[in-house]
Amino acid sequence: MVETEQDGFKRLVCPDNTCGHIHYENPTPVVAAIVEYFSDPGAEYGEVILARGVGWPRGAFGLITGFLERGETVEQGCIREVKEELGLDGKIDKMVGVYDFVEQNQLIIAFHVTVKNGGEITLQPDELEEYRKVPLHKLKPWRRGTGKAVADFLSYRLLPMAAKL
């Protein structure tokens, strides 16, 4: 493979003219779950579960995320990640949005997932070290990656809350 410019991008191309193979480094799709956990199924608002990945610095928490498996829809992948990483059965409430994460060469597809029946949170130990439950009014978006999804989630989820004040 040799590096050459194609369509305005540097790409690795097979030097054999009969081959024609071009290696594309396209972004990887990643699903993200904004998990709203309801200890009381009758409550109007729950708490968002943030998790700290294995090896992450203390105090660094994020959404539940993961890569899609072959043959899986983004919705199936999102629900699977919630089950695998937290041991919870969630339901997709709505798609929050699609976000580029250029630094990681990822395309993030974020969903609002509700867990209405509570249940015991069981972390997948090879991926997550700890979690926090954050009330919606205390949740703050961060600058990179899934932080944009959190900001969009809060903009629509907190509107009904603010109207009642």
# chains A, B, ... in the order shown; residues from 1 in each chain; ligands from 1

$ select_by_dssp --residues "stretch 8-83 of chain A" --states "strand (DSSP E or B)" --output "PyMOL selection string"
chain A and resi 9-13+22-23+28-37+47-53+62+64-67

$ residues_around --residues "stretch 150-157 of chain A" --least-positions-apart "2" --cutoff "9 Å" --atoms "only C-alpha atoms" --output "list in words"
Ile34, Tyr45, Leu63, Val96, Gly97, Ala110, Phe111, His112, Leu136, His137, Leu139, Lys140, Pro141, Trp142, Thr146, Gly147, Lys148, Leu159, Pro160 and Met161 of chain A

$ residues_around --residues "A:Tyr37" --least-positions-apart "4" --cutoff "9 Å" --atoms "only C-alpha atoms" --output "NGL selection string"
:A and (45-49 or 90 or 113-119 or 133)

$ write_last_selection --atoms "N, CA, C and O atoms" --output "PDB file, in the first residue's frame"
ATOM      1  N   TYR A  45     -39.391  12.524  36.471  1.00  0.00           N
ATOM      2  CA  TYR A  45     -37.985  12.653  36.084  1.00  0.00           C
ATOM      3  C   TYR A  45     -37.158  11.643  36.853  1.00  0.00           C
ATOM      4  O   TYR A  45     -37.384  11.400  38.034  1.00  0.00           O
ATOM      5  N   GLY A  46     -36.169  11.085  36.169  1.00  0.00           N
ATOM      6  CA  GLY A  46     -35.258  10.155  36.807  1.00  0.00           C
ATOM      7  C   GLY A  46     -33.890  10.784  36.991  1.00  0.00           C
ATOM      8  O   GLY A  46     -33.744  12.009  36.972  1.00  0.00           O
ATOM      9  N   GLU A  47     -32.898   9.933  37.144  1.00  0.00           N
ATOM     10  CA  GLU A  47     -31.510  10.365  37.243  1.00  0.00           C
ATOM     11  C   GLU A  47     -30.744   9.757  36.073  1.00  0.00           C
ATOM     12  O   GLU A  47     -31.026   8.639  35.660  1.00  0.00           O
ATOM     13  N   VAL A  48     -29.774  10.491  35.561  1.00  0.00           N
ATOM     14  CA  VAL A  48     -28.971   9.981  34.445  1.00  0.00           C
ATOM     15  C   VAL A  48     -27.780   9.222  35.017  1.00  0.00           C
ATOM     16  O   VAL A  48     -27.101   9.696  35.933  1.00  0.00           O
ATOM     17  N   ILE A  49     -27.564   8.032  34.482  1.00  0.00           N
ATOM     18  CA  ILE A  49     -26.436   7.215  34.922  1.00  0.00           C
ATOM     19  C   ILE A  49     -25.218   7.560  34.079  1.00  0.00           C
ATOM     20  O   ILE A  49     -25.249   7.458  32.848  1.00  0.00           O
ATOM     21  N   GLY A  90     -33.486  -1.486  29.328  1.00  0.00           N
ATOM     22  CA  GLY A  90     -33.932  -0.147  28.999  1.00  0.00           C
ATOM     23  C   GLY A  90     -34.866  -0.142  27.810  1.00  0.00           C
ATOM     24  O   GLY A  90     -35.015  -1.137  27.106  1.00  0.00           O
ATOM     25  N   VAL A 113     -32.522   6.689  26.718  1.00  0.00           N
ATOM     26  CA  VAL A 113     -33.004   5.366  27.116  1.00  0.00           C
ATOM     27  C   VAL A 113     -33.569   5.474  28.525  1.00  0.00           C
ATOM     28  O   VAL A 113     -32.908   6.010  29.419  1.00  0.00           O
ATOM     29  N   THR A 114     -34.784   4.982  28.721  1.00  0.00           N
ATOM     30  CA  THR A 114     -35.373   5.015  30.053  1.00  0.00           C
ATOM     31  C   THR A 114     -35.359   3.633  30.679  1.00  0.00           C
ATOM     32  O   THR A 114     -35.529   2.617  29.996  1.00  0.00           O
ATOM     33  N   VAL A 115     -35.123   3.619  31.986  1.00  0.00           N
ATOM     34  CA  VAL A 115     -35.227   2.402  32.796  1.00  0.00           C
ATOM     35  C   VAL A 115     -36.249   2.753  33.874  1.00  0.00           C
ATOM     36  O   VAL A 115     -35.924   3.391  34.873  1.00  0.00           O
ATOM     37  N   LYS A 116     -37.503   2.375  33.621  1.00  0.00           N
ATOM     38  CA  LYS A 116     -38.622   2.790  34.482  1.00  0.00           C
ATOM     39  C   LYS A 116     -38.783   1.903  35.714  1.00  0.00           C
ATOM     40  O   LYS A 116     -39.344   2.321  36.710  1.00  0.00           O
ATOM     41  N   ASN A 117     -38.328   0.671  35.646  1.00  0.00           N
ATOM     42  CA  ASN A 117     -38.558  -0.263  36.745  1.00  0.00           C
ATOM     43  C   ASN A 117     -37.395  -0.310  37.734  1.00  0.00           C
ATOM     44  O   ASN A 117     -37.320  -1.214  38.545  1.00  0.00           O
ATOM     45  N   GLY A 118     -36.499   0.669  37.664  1.00  0.00           N
ATOM     46  CA  GLY A 118     -35.327   0.639  38.548  1.00  0.00           C
ATOM     47  C   GLY A 118     -34.513  -0.605  38.271  1.00  0.00           C
ATOM     48  O   GLY A 118     -34.185  -0.888  37.136  1.00  0.00           O
ATOM     49  N   GLY A 119     -34.226  -1.344  39.281  1.00  0.00           N
ATOM     50  CA  GLY A 119     -33.424  -2.552  39.136  1.00  0.00           C
ATOM     51  C   GLY A 119     -32.009  -2.319  39.618  1.00  0.00           C
ATOM     52  O   GLY A 119     -31.559  -1.176  39.748  1.00  0.00           O
ATOM     53  N   LYS A 133     -25.383   8.327  39.718  1.00  0.00           N
ATOM     54  CA  LYS A 133     -26.726   8.719  39.288  1.00  0.00           C
ATOM     55  C   LYS A 133     -26.823  10.222  39.516  1.00  0.00           C
ATOM     56  O   LYS A 133     -26.658  10.697  40.638  1.00  0.00           O
TER      57      LYS A 133
END

$ atom_distance --atom1 "atom CA of A:Pro125" --atom2 "atom CA of A:Gln104"
23.2 Å

$ closest_residue --among "A:Leu158, A:Ala60, A:Leu88, A:Val30" --to "A:Thr122" --atoms "only C-alpha atoms"
A:Leu88

$ residues_around --residues "A:Gln76" --least-positions-apart "3" --cutoff "12 Å" --atoms "only C-alpha atoms" --output "list of chain:residue names"
A:Val31, A:Ala32, A:Ala33, A:Gly66, A:Phe67, A:Leu68, A:Glu69, A:Arg70, A:Gly71, A:Glu72, A:Thr73, A:Ile79, A:Arg80, A:Glu81, A:Val82, A:Lys83, A:Asp89, A:Gly90, A:Lys91, A:Ile92, A:Phe111, A:Val113

$ closest_residue --among "A:Glu120, A:Val2, A:Arg58, A:Thr28" --to "A:Asp16" --atoms "only C-alpha atoms"
A:Val2

$ closest_residue --among "A:Tyr24, A:Ile64, A:Cys19, A:Met95" --to "A:Gln6" --atoms "only C-alpha atoms"
A:Tyr24

$ residues_around --residues "A:Glu5" --least-positions-apart "6" --cutoff "12 Å" --atoms "only C-alpha atoms" --output "list in words"
Arg11, Leu12, Val13, Ile22, His23 and Tyr24 of chain A

$ write_last_selection --atoms "all heavy atoms" --output "PDB file, in the first residue's frame"
ATOM      1  N   ARG A  11      -4.912   8.737   1.106  1.00  0.00           N
ATOM      2  CA  ARG A  11      -5.422   7.373   1.280  1.00  0.00           C
ATOM      3  C   ARG A  11      -4.330   6.373   0.948  1.00  0.00           C
ATOM      4  O   ARG A  11      -3.419   6.663   0.173  1.00  0.00           O
ATOM      5  CB  ARG A  11      -6.612   7.126   0.364  1.00  0.00           C
ATOM      6  CG  ARG A  11      -7.749   8.122   0.525  1.00  0.00           C
ATOM      7  CD  ARG A  11      -8.998   7.600  -0.151  1.00  0.00           C
ATOM      8  NE  ARG A  11     -10.044   8.576  -0.289  1.00  0.00           N
ATOM      9  CZ  ARG A  11     -10.887   8.940   0.670  1.00  0.00           C
ATOM     10  NH1 ARG A  11     -10.779   8.419   1.852  1.00  0.00           N
ATOM     11  NH2 ARG A  11     -11.834   9.836   0.441  1.00  0.00           N
ATOM     12  N   LEU A  12      -4.439   5.185   1.526  1.00  0.00           N
ATOM     13  CA  LEU A  12      -3.545   4.093   1.177  1.00  0.00           C
ATOM     14  C   LEU A  12      -4.155   3.341  -0.001  1.00  0.00           C
ATOM     15  O   LEU A  12      -5.321   2.933   0.044  1.00  0.00           O
ATOM     16  CB  LEU A  12      -3.353   3.153   2.369  1.00  0.00           C
ATOM     17  CG  LEU A  12      -2.627   3.760   3.567  1.00  0.00           C
ATOM     18  CD1 LEU A  12      -2.592   2.763   4.729  1.00  0.00           C
ATOM     19  CD2 LEU A  12      -1.216   4.190   3.193  1.00  0.00           C
ATOM     20  N   VAL A  13      -3.348   3.170  -1.054  1.00  0.00           N
ATOM     21  CA  VAL A  13      -3.821   2.555  -2.296  1.00  0.00           C
ATOM     22  C   VAL A  13      -2.857   1.450  -2.677  1.00  0.00           C
ATOM     23  O   VAL A  13      -1.634   1.574  -2.520  1.00  0.00           O
ATOM     24  CB  VAL A  13      -3.891   3.621  -3.426  1.00  0.00           C
ATOM     25  CG1 VAL A  13      -4.330   3.011  -4.734  1.00  0.00           C
ATOM     26  CG2 VAL A  13      -4.837   4.748  -3.024  1.00  0.00           C
ATOM     27  N   ILE A  22      -8.450   0.500  -2.424  1.00  0.00           N
ATOM     28  CA  ILE A  22      -8.208   1.743  -1.691  1.00  0.00           C
ATOM     29  C   ILE A  22      -8.638   1.511  -0.248  1.00  0.00           C
ATOM     30  O   ILE A  22      -9.740   1.006   0.011  1.00  0.00           O
ATOM     31  CB  ILE A  22      -9.026   2.914  -2.289  1.00  0.00           C
ATOM     32  CG1 ILE A  22      -8.678   3.120  -3.760  1.00  0.00           C
ATOM     33  CG2 ILE A  22      -8.798   4.190  -1.481  1.00  0.00           C
ATOM     34  CD1 ILE A  22      -9.612   4.095  -4.472  1.00  0.00           C
ATOM     35  N   HIS A  23      -7.763   1.849   0.696  1.00  0.00           N
ATOM     36  CA  HIS A  23      -8.090   1.700   2.118  1.00  0.00           C
ATOM     37  C   HIS A  23      -8.692   3.014   2.621  1.00  0.00           C
ATOM     38  O   HIS A  23      -8.028   4.045   2.639  1.00  0.00           O
ATOM     39  CB  HIS A  23      -6.836   1.345   2.935  1.00  0.00           C
ATOM     40  CG  HIS A  23      -7.106   1.249   4.392  1.00  0.00           C
ATOM     41  ND1 HIS A  23      -7.811   0.207   4.941  1.00  0.00           N
ATOM     42  CD2 HIS A  23      -6.778   2.072   5.418  1.00  0.00           C
ATOM     43  CE1 HIS A  23      -7.906   0.393   6.237  1.00  0.00           C
ATOM     44  NE2 HIS A  23      -7.284   1.514   6.555  1.00  0.00           N
ATOM     45  N   TYR A  24      -9.956   2.951   3.005  1.00  0.00           N
ATOM     46  CA  TYR A  24     -10.642   4.129   3.534  1.00  0.00           C
ATOM     47  C   TYR A  24     -10.632   4.057   5.059  1.00  0.00           C
ATOM     48  O   TYR A  24     -10.918   3.010   5.630  1.00  0.00           O
ATOM     49  CB  TYR A  24     -12.093   4.177   3.052  1.00  0.00           C
ATOM     50  CG  TYR A  24     -12.218   4.377   1.562  1.00  0.00           C
ATOM     51  CD1 TYR A  24     -12.340   3.293   0.702  1.00  0.00           C
ATOM     52  CD2 TYR A  24     -12.226   5.651   1.013  1.00  0.00           C
ATOM     53  CE1 TYR A  24     -12.454   3.476  -0.673  1.00  0.00           C
ATOM     54  CE2 TYR A  24     -12.347   5.843  -0.352  1.00  0.00           C
ATOM     55  CZ  TYR A  24     -12.460   4.751  -1.187  1.00  0.00           C
ATOM     56  OH  TYR A  24     -12.581   4.936  -2.540  1.00  0.00           O
TER      57      TYR A  24
END

$ select_by_dssp --residues "stretch 42-162 of chain A" --states "helix (DSSP H, G or I)" --output "MDAnalysis selection string"
chainID A and resid 74:86 102:104 136:138 147:162

$ residues_around --residues "A:Gln124" --least-positions-apart "4" --cutoff "9 Å" --atoms "only C-alpha atoms" --output "short mmCIF file (atom, residue, chain, number, x, y, z; two decimals) with all heavy atoms, in the first residue's frame"
data_model
loop_
_atom_site.label_atom_id
_atom_site.label_comp_id
_atom_site.auth_asym_id
_atom_site.auth_seq_id
_atom_site.Cartn_x
_atom_site.Cartn_y
_atom_site.Cartn_z
N GLU A 84 -25.50 -4.98 28.71
CA GLU A 84 -24.17 -5.53 28.96
C GLU A 84 -23.40 -4.74 30.02
O GLU A 84 -22.77 -5.32 30.89
CB GLU A 84 -23.34 -5.53 27.67
CG GLU A 84 -23.70 -6.61 26.70
CD GLU A 84 -22.86 -6.54 25.42
OE1 GLU A 84 -21.94 -5.70 25.30
OE2 GLU A 84 -23.16 -7.34 24.52
N GLU A 85 -23.44 -3.42 29.92
CA GLU A 85 -22.58 -2.60 30.77
C GLU A 85 -23.20 -2.27 32.12
O GLU A 85 -22.47 -2.04 33.09
CB GLU A 85 -22.17 -1.32 30.03
CG GLU A 85 -21.29 -1.65 28.84
CD GLU A 85 -20.65 -0.44 28.19
OE1 GLU A 85 -20.72 0.66 28.76
OE2 GLU A 85 -20.08 -0.61 27.10
N LEU A 86 -24.54 -2.23 32.21
CA LEU A 86 -25.20 -1.87 33.46
C LEU A 86 -26.08 -2.99 34.03
O LEU A 86 -26.54 -2.88 35.17
CB LEU A 86 -26.06 -0.62 33.28
CG LEU A 86 -25.34 0.66 32.88
CD1 LEU A 86 -26.36 1.78 32.64
CD2 LEU A 86 -24.33 1.07 33.94
N GLY A 87 -26.37 -4.01 33.22
CA GLY A 87 -27.26 -5.07 33.67
C GLY A 87 -28.71 -4.64 33.75
O GLY A 87 -29.51 -5.25 34.45
N LEU A 128 -16.22 -1.12 33.00
CA LEU A 128 -16.60 0.01 33.85
C LEU A 128 -16.14 -0.22 35.29
O LEU A 128 -16.23 -1.32 35.81
CB LEU A 128 -18.11 0.22 33.82
CG LEU A 128 -18.72 0.52 32.45
CD1 LEU A 128 -20.24 0.61 32.55
CD2 LEU A 128 -18.15 1.80 31.86
N GLU A 129 -15.69 0.88 35.94
CA GLU A 129 -15.23 0.80 37.32
C GLU A 129 -16.24 1.31 38.33
O GLU A 129 -16.30 0.80 39.44
CB GLU A 129 -13.91 1.57 37.48
CG GLU A 129 -12.76 0.88 36.80
CD GLU A 129 -11.41 1.51 37.13
OE1 GLU A 129 -11.31 2.31 38.07
OE2 GLU A 129 -10.45 1.16 36.44
#

$ atom_distance --atom1 "atom CA of A:Gln106" --atom2 "atom CA of A:Trp56"
18.7 Å

$ closest_residue --among "A:Cys78, A:Ile109, A:Phe101, A:Met1" --to "A:Cys14" --atoms "only C-alpha atoms"
A:Met1

$ atom_distance --atom1 "atom CA of A:Asn26" --atom2 "atom CA of A:Gly62"
23.9 Å

$ residues_around --residues "A:Gly59" --least-positions-apart "2" --cutoff "12 Å" --atoms "only C-alpha atoms" --output "short mmCIF file (atom, residue, chain, number, x, y, z; two decimals) with N, CA and C atoms, in the first residue's frame"
data_model
loop_
_atom_site.label_atom_id
_atom_site.label_comp_id
_atom_site.auth_asym_id
_atom_site.auth_seq_id
_atom_site.Cartn_x
_atom_site.Cartn_y
_atom_site.Cartn_z
N LEU A 50 -24.17 7.98 34.75
CA LEU A 50 -22.87 8.20 34.12
C LEU A 50 -21.92 7.14 34.66
N ALA A 51 -21.01 6.68 33.82
CA ALA A 51 -20.08 5.62 34.23
C ALA A 51 -18.64 6.02 33.96
N ARG A 52 -17.75 5.46 34.77
CA ARG A 52 -16.31 5.68 34.58
C ARG A 52 -15.71 4.40 34.04
N GLY A 53 -15.09 4.51 32.87
CA GLY A 53 -14.49 3.37 32.23
C GLY A 53 -13.21 2.91 32.93
N GLY A 55 -9.60 2.35 33.67
CA GLY A 55 -8.42 3.10 33.28
C GLY A 55 -8.64 4.59 33.10
N TRP A 56 -9.87 5.05 33.20
CA TRP A 56 -10.15 6.48 33.09
C TRP A 56 -9.67 7.18 34.36
N PRO A 57 -9.32 8.45 34.26
CA PRO A 57 -8.93 9.20 35.47
C PRO A 57 -10.09 9.29 36.46
N PHE A 61 -16.35 10.77 34.05
CA PHE A 61 -17.51 9.92 33.81
C PHE A 61 -18.10 10.26 32.45
N GLY A 62 -18.79 9.30 31.86
CA GLY A 62 -19.40 9.51 30.56
C GLY A 62 -20.66 8.68 30.40
N GLU A 129 -15.69 0.88 35.94
CA GLU A 129 -15.23 0.80 37.32
C GLU A 129 -16.24 1.31 38.33
N GLU A 130 -16.99 2.34 37.97
CA GLU A 130 -17.98 2.88 38.90
C GLU A 130 -19.02 3.68 38.11
N TYR A 131 -20.09 4.03 38.81
CA TYR A 131 -21.13 4.83 38.18
C TYR A 131 -21.65 5.86 39.17
N ARG A 132 -22.36 6.83 38.62
CA ARG A 132 -23.05 7.86 39.40
C ARG A 132 -24.44 8.04 38.83
#

$ decode --residues "stretch 83-108 of chain A" --atoms "N, CA, C and O atoms" --output "PDB file, in the first residue's frame"
ATOM      1  N   LYS A  83     -27.685  -3.145  28.587  1.00  0.00           N
ATOM      2  CA  LYS A  83     -27.814  -4.441  29.284  1.00  0.00           C
ATOM      3  C   LYS A  83     -26.430  -4.995  29.647  1.00  0.00           C
ATOM      4  O   LYS A  83     -26.220  -5.440  30.780  1.00  0.00           O
ATOM      5  N   GLU A  84     -25.502  -4.976  28.707  1.00  0.00           N
ATOM      6  CA  GLU A  84     -24.167  -5.527  28.961  1.00  0.00           C
ATOM      7  C   GLU A  84     -23.405  -4.735  30.016  1.00  0.00           C
ATOM      8  O   GLU A  84     -22.768  -5.317  30.891  1.00  0.00           O
ATOM      9  N   GLU A  85     -23.437  -3.425  29.915  1.00  0.00           N
ATOM     10  CA  GLU A  85     -22.580  -2.602  30.773  1.00  0.00           C
ATOM     11  C   GLU A  85     -23.196  -2.269  32.123  1.00  0.00           C
ATOM     12  O   GLU A  85     -22.469  -2.044  33.094  1.00  0.00           O
ATOM     13  N   LEU A  86     -24.536  -2.228  32.205  1.00  0.00           N
ATOM     14  CA  LEU A  86     -25.196  -1.875  33.462  1.00  0.00           C
ATOM     15  C   LEU A  86     -26.079  -2.986  34.032  1.00  0.00           C
ATOM     16  O   LEU A  86     -26.538  -2.883  35.167  1.00  0.00           O
ATOM     17  N   GLY A  87     -26.368  -4.008  33.218  1.00  0.00           N
ATOM     18  CA  GLY A  87     -27.256  -5.070  33.674  1.00  0.00           C
ATOM     19  C   GLY A  87     -28.710  -4.639  33.747  1.00  0.00           C
ATOM     20  O   GLY A  87     -29.506  -5.250  34.453  1.00  0.00           O
ATOM     21  N   LEU A  88     -29.082  -3.589  33.010  1.00  0.00           N
ATOM     22  CA  LEU A  88     -30.437  -3.043  33.065  1.00  0.00           C
ATOM     23  C   LEU A  88     -31.175  -3.239  31.746  1.00  0.00           C
ATOM     24  O   LEU A  88     -30.567  -3.214  30.675  1.00  0.00           O
ATOM     25  N   ASP A  89     -32.485  -3.404  31.855  1.00  0.00           N
ATOM     26  CA  ASP A  89     -33.343  -3.474  30.672  1.00  0.00           C
ATOM     27  C   ASP A  89     -33.915  -2.087  30.418  1.00  0.00           C
ATOM     28  O   ASP A  89     -34.710  -1.585  31.220  1.00  0.00           O
ATOM     29  N   GLY A  90     -33.486  -1.486  29.328  1.00  0.00           N
ATOM     30  CA  GLY A  90     -33.932  -0.147  28.999  1.00  0.00           C
ATOM     31  C   GLY A  90     -34.866  -0.142  27.810  1.00  0.00           C
ATOM     32  O   GLY A  90     -35.015  -1.137  27.106  1.00  0.00           O
ATOM     33  N   LYS A  91     -35.492   1.008  27.616  1.00  0.00           N
ATOM     34  CA  LYS A  91     -36.375   1.218  26.470  1.00  0.00           C
ATOM     35  C   LYS A  91     -35.978   2.541  25.827  1.00  0.00           C
ATOM     36  O   LYS A  91     -35.786   3.551  26.518  1.00  0.00           O
ATOM     37  N   ILE A  92     -35.856   2.551  24.517  1.00  0.00           N
ATOM     38  CA  ILE A  92     -35.506   3.791  23.832  1.00  0.00           C
ATOM     39  C   ILE A  92     -36.697   4.729  23.843  1.00  0.00           C
ATOM     40  O   ILE A  92     -37.798   4.368  23.418  1.00  0.00           O
ATOM     41  N   ASP A  93     -36.468   5.922  24.367  1.00  0.00           N
ATOM     42  CA  ASP A  93     -37.493   6.951  24.389  1.00  0.00           C
ATOM     43  C   ASP A  93     -37.468   7.735  23.077  1.00  0.00           C
ATOM     44  O   ASP A  93     -38.485   7.958  22.466  1.00  0.00           O
ATOM     45  N   LYS A  94     -36.247   8.157  22.680  1.00  0.00           N
ATOM     46  CA  LYS A  94     -36.102   8.858  21.406  1.00  0.00           C
ATOM     47  C   LYS A  94     -34.629   8.961  21.026  1.00  0.00           C
ATOM     48  O   LYS A  94     -33.759   8.842  21.881  1.00  0.00           O
ATOM     49  N   MET A  95     -34.401   9.208  19.756  1.00  0.00           N
ATOM     50  CA  MET A  95     -33.046   9.487  19.295  1.00  0.00           C
ATOM     51  C   MET A  95     -32.739  10.940  19.627  1.00  0.00           C
ATOM     52  O   MET A  95     -33.538  11.830  19.339  1.00  0.00           O
ATOM     53  N   VAL A  96     -31.592  11.164  20.238  1.00  0.00           N
ATOM     54  CA  VAL A  96     -31.199  12.525  20.616  1.00  0.00           C
ATOM     55  C   VAL A  96     -30.509  13.205  19.446  1.00  0.00           C
ATOM     56  O   VAL A  96     -30.760  14.365  19.154  1.00  0.00           O
ATOM     57  N   GLY A  97     -29.627  12.477  18.749  1.00  0.00           N
ATOM     58  CA  GLY A  97     -28.938  13.061  17.611  1.00  0.00           C
ATOM     59  C   GLY A  97     -27.738  12.252  17.171  1.00  0.00           C
ATOM     60  O   GLY A  97     -27.414  11.219  17.755  1.00  0.00           O
ATOM     61  N   VAL A  98     -27.100  12.755  16.133  1.00  0.00           N
ATOM     62  CA  VAL A  98     -25.900  12.141  15.563  1.00  0.00           C
ATOM     63  C   VAL A  98     -24.789  13.185  15.655  1.00  0.00           C
ATOM     64  O   VAL A  98     -24.987  14.347  15.275  1.00  0.00           O
ATOM     65  N   TYR A  99     -23.617  12.769  16.150  1.00  0.00           N
ATOM     66  CA  TYR A  99     -22.529  13.704  16.455  1.00  0.00           C
ATOM     67  C   TYR A  99     -21.206  13.159  15.955  1.00  0.00           C
ATOM     68  O   TYR A  99     -20.926  11.968  16.108  1.00  0.00           O
ATOM     69  N   ASP A 100     -20.402  14.047  15.395  1.00  0.00           N
ATOM     70  CA  ASP A 100     -19.068  13.617  14.995  1.00  0.00           C
ATOM     71  C   ASP A 100     -18.135  13.748  16.199  1.00  0.00           C
ATOM     72  O   ASP A 100     -18.276  14.621  17.028  1.00  0.00           O
ATOM     73  N   PHE A 101     -17.238  12.789  16.302  1.00  0.00           N
ATOM     74  CA  PHE A 101     -16.195  12.802  17.329  1.00  0.00           C
ATOM     75  C   PHE A 101     -14.897  12.603  16.563  1.00  0.00           C
ATOM     76  O   PHE A 101     -14.353  11.511  16.479  1.00  0.00           O
ATOM     77  N   VAL A 102     -14.459  13.687  15.943  1.00  0.00           N
ATOM     78  CA  VAL A 102     -13.344  13.660  15.003  1.00  0.00           C
ATOM     79  C   VAL A 102     -12.072  13.116  15.645  1.00  0.00           C
ATOM     80  O   VAL A 102     -11.332  12.338  15.034  1.00  0.00           O
ATOM     81  N   GLU A 103     -11.831  13.487  16.910  1.00  0.00           N
ATOM     82  CA  GLU A 103     -10.600  13.058  17.582  1.00  0.00           C
ATOM     83  C   GLU A 103     -10.485  11.539  17.675  1.00  0.00           C
ATOM     84  O   GLU A 103      -9.381  11.001  17.687  1.00  0.00           O
ATOM     85  N   GLN A 104     -11.605  10.853  17.757  1.00  0.00           N
ATOM     86  CA  GLN A 104     -11.598   9.388  17.845  1.00  0.00           C
ATOM     87  C   GLN A 104     -12.004   8.717  16.528  1.00  0.00           C
ATOM     88  O   GLN A 104     -12.137   7.493  16.481  1.00  0.00           O
ATOM     89  N   ASN A 105     -12.236   9.527  15.478  1.00  0.00           N
ATOM     90  CA  ASN A 105     -12.695   9.015  14.190  1.00  0.00           C
ATOM     91  C   ASN A 105     -13.977   8.186  14.362  1.00  0.00           C
ATOM     92  O   ASN A 105     -14.098   7.085  13.849  1.00  0.00           O
ATOM     93  N   GLN A 106     -14.921   8.768  15.121  1.00  0.00           N
ATOM     94  CA  GLN A 106     -16.174   8.087  15.407  1.00  0.00           C
ATOM     95  C   GLN A 106     -17.364   8.964  15.028  1.00  0.00           C
ATOM     96  O   GLN A 106     -17.273  10.188  15.028  1.00  0.00           O
ATOM     97  N   LEU A 107     -18.453   8.308  14.745  1.00  0.00           N
ATOM     98  CA  LEU A 107     -19.740   8.949  14.518  1.00  0.00           C
ATOM     99  C   LEU A 107     -20.656   8.420  15.618  1.00  0.00           C
ATOM    100  O   LEU A 107     -20.915   7.216  15.696  1.00  0.00           O
ATOM    101  N   ILE A 108     -21.114   9.302  16.497  1.00  0.00           N
ATOM    102  CA  ILE A 108     -21.890   8.895  17.664  1.00  0.00           C
ATOM    103  C   ILE A 108     -23.380   9.063  17.370  1.00  0.00           C
ATOM    104  O   ILE A 108     -23.822  10.140  16.972  1.00  0.00           O
TER     105      ILE A 108
END
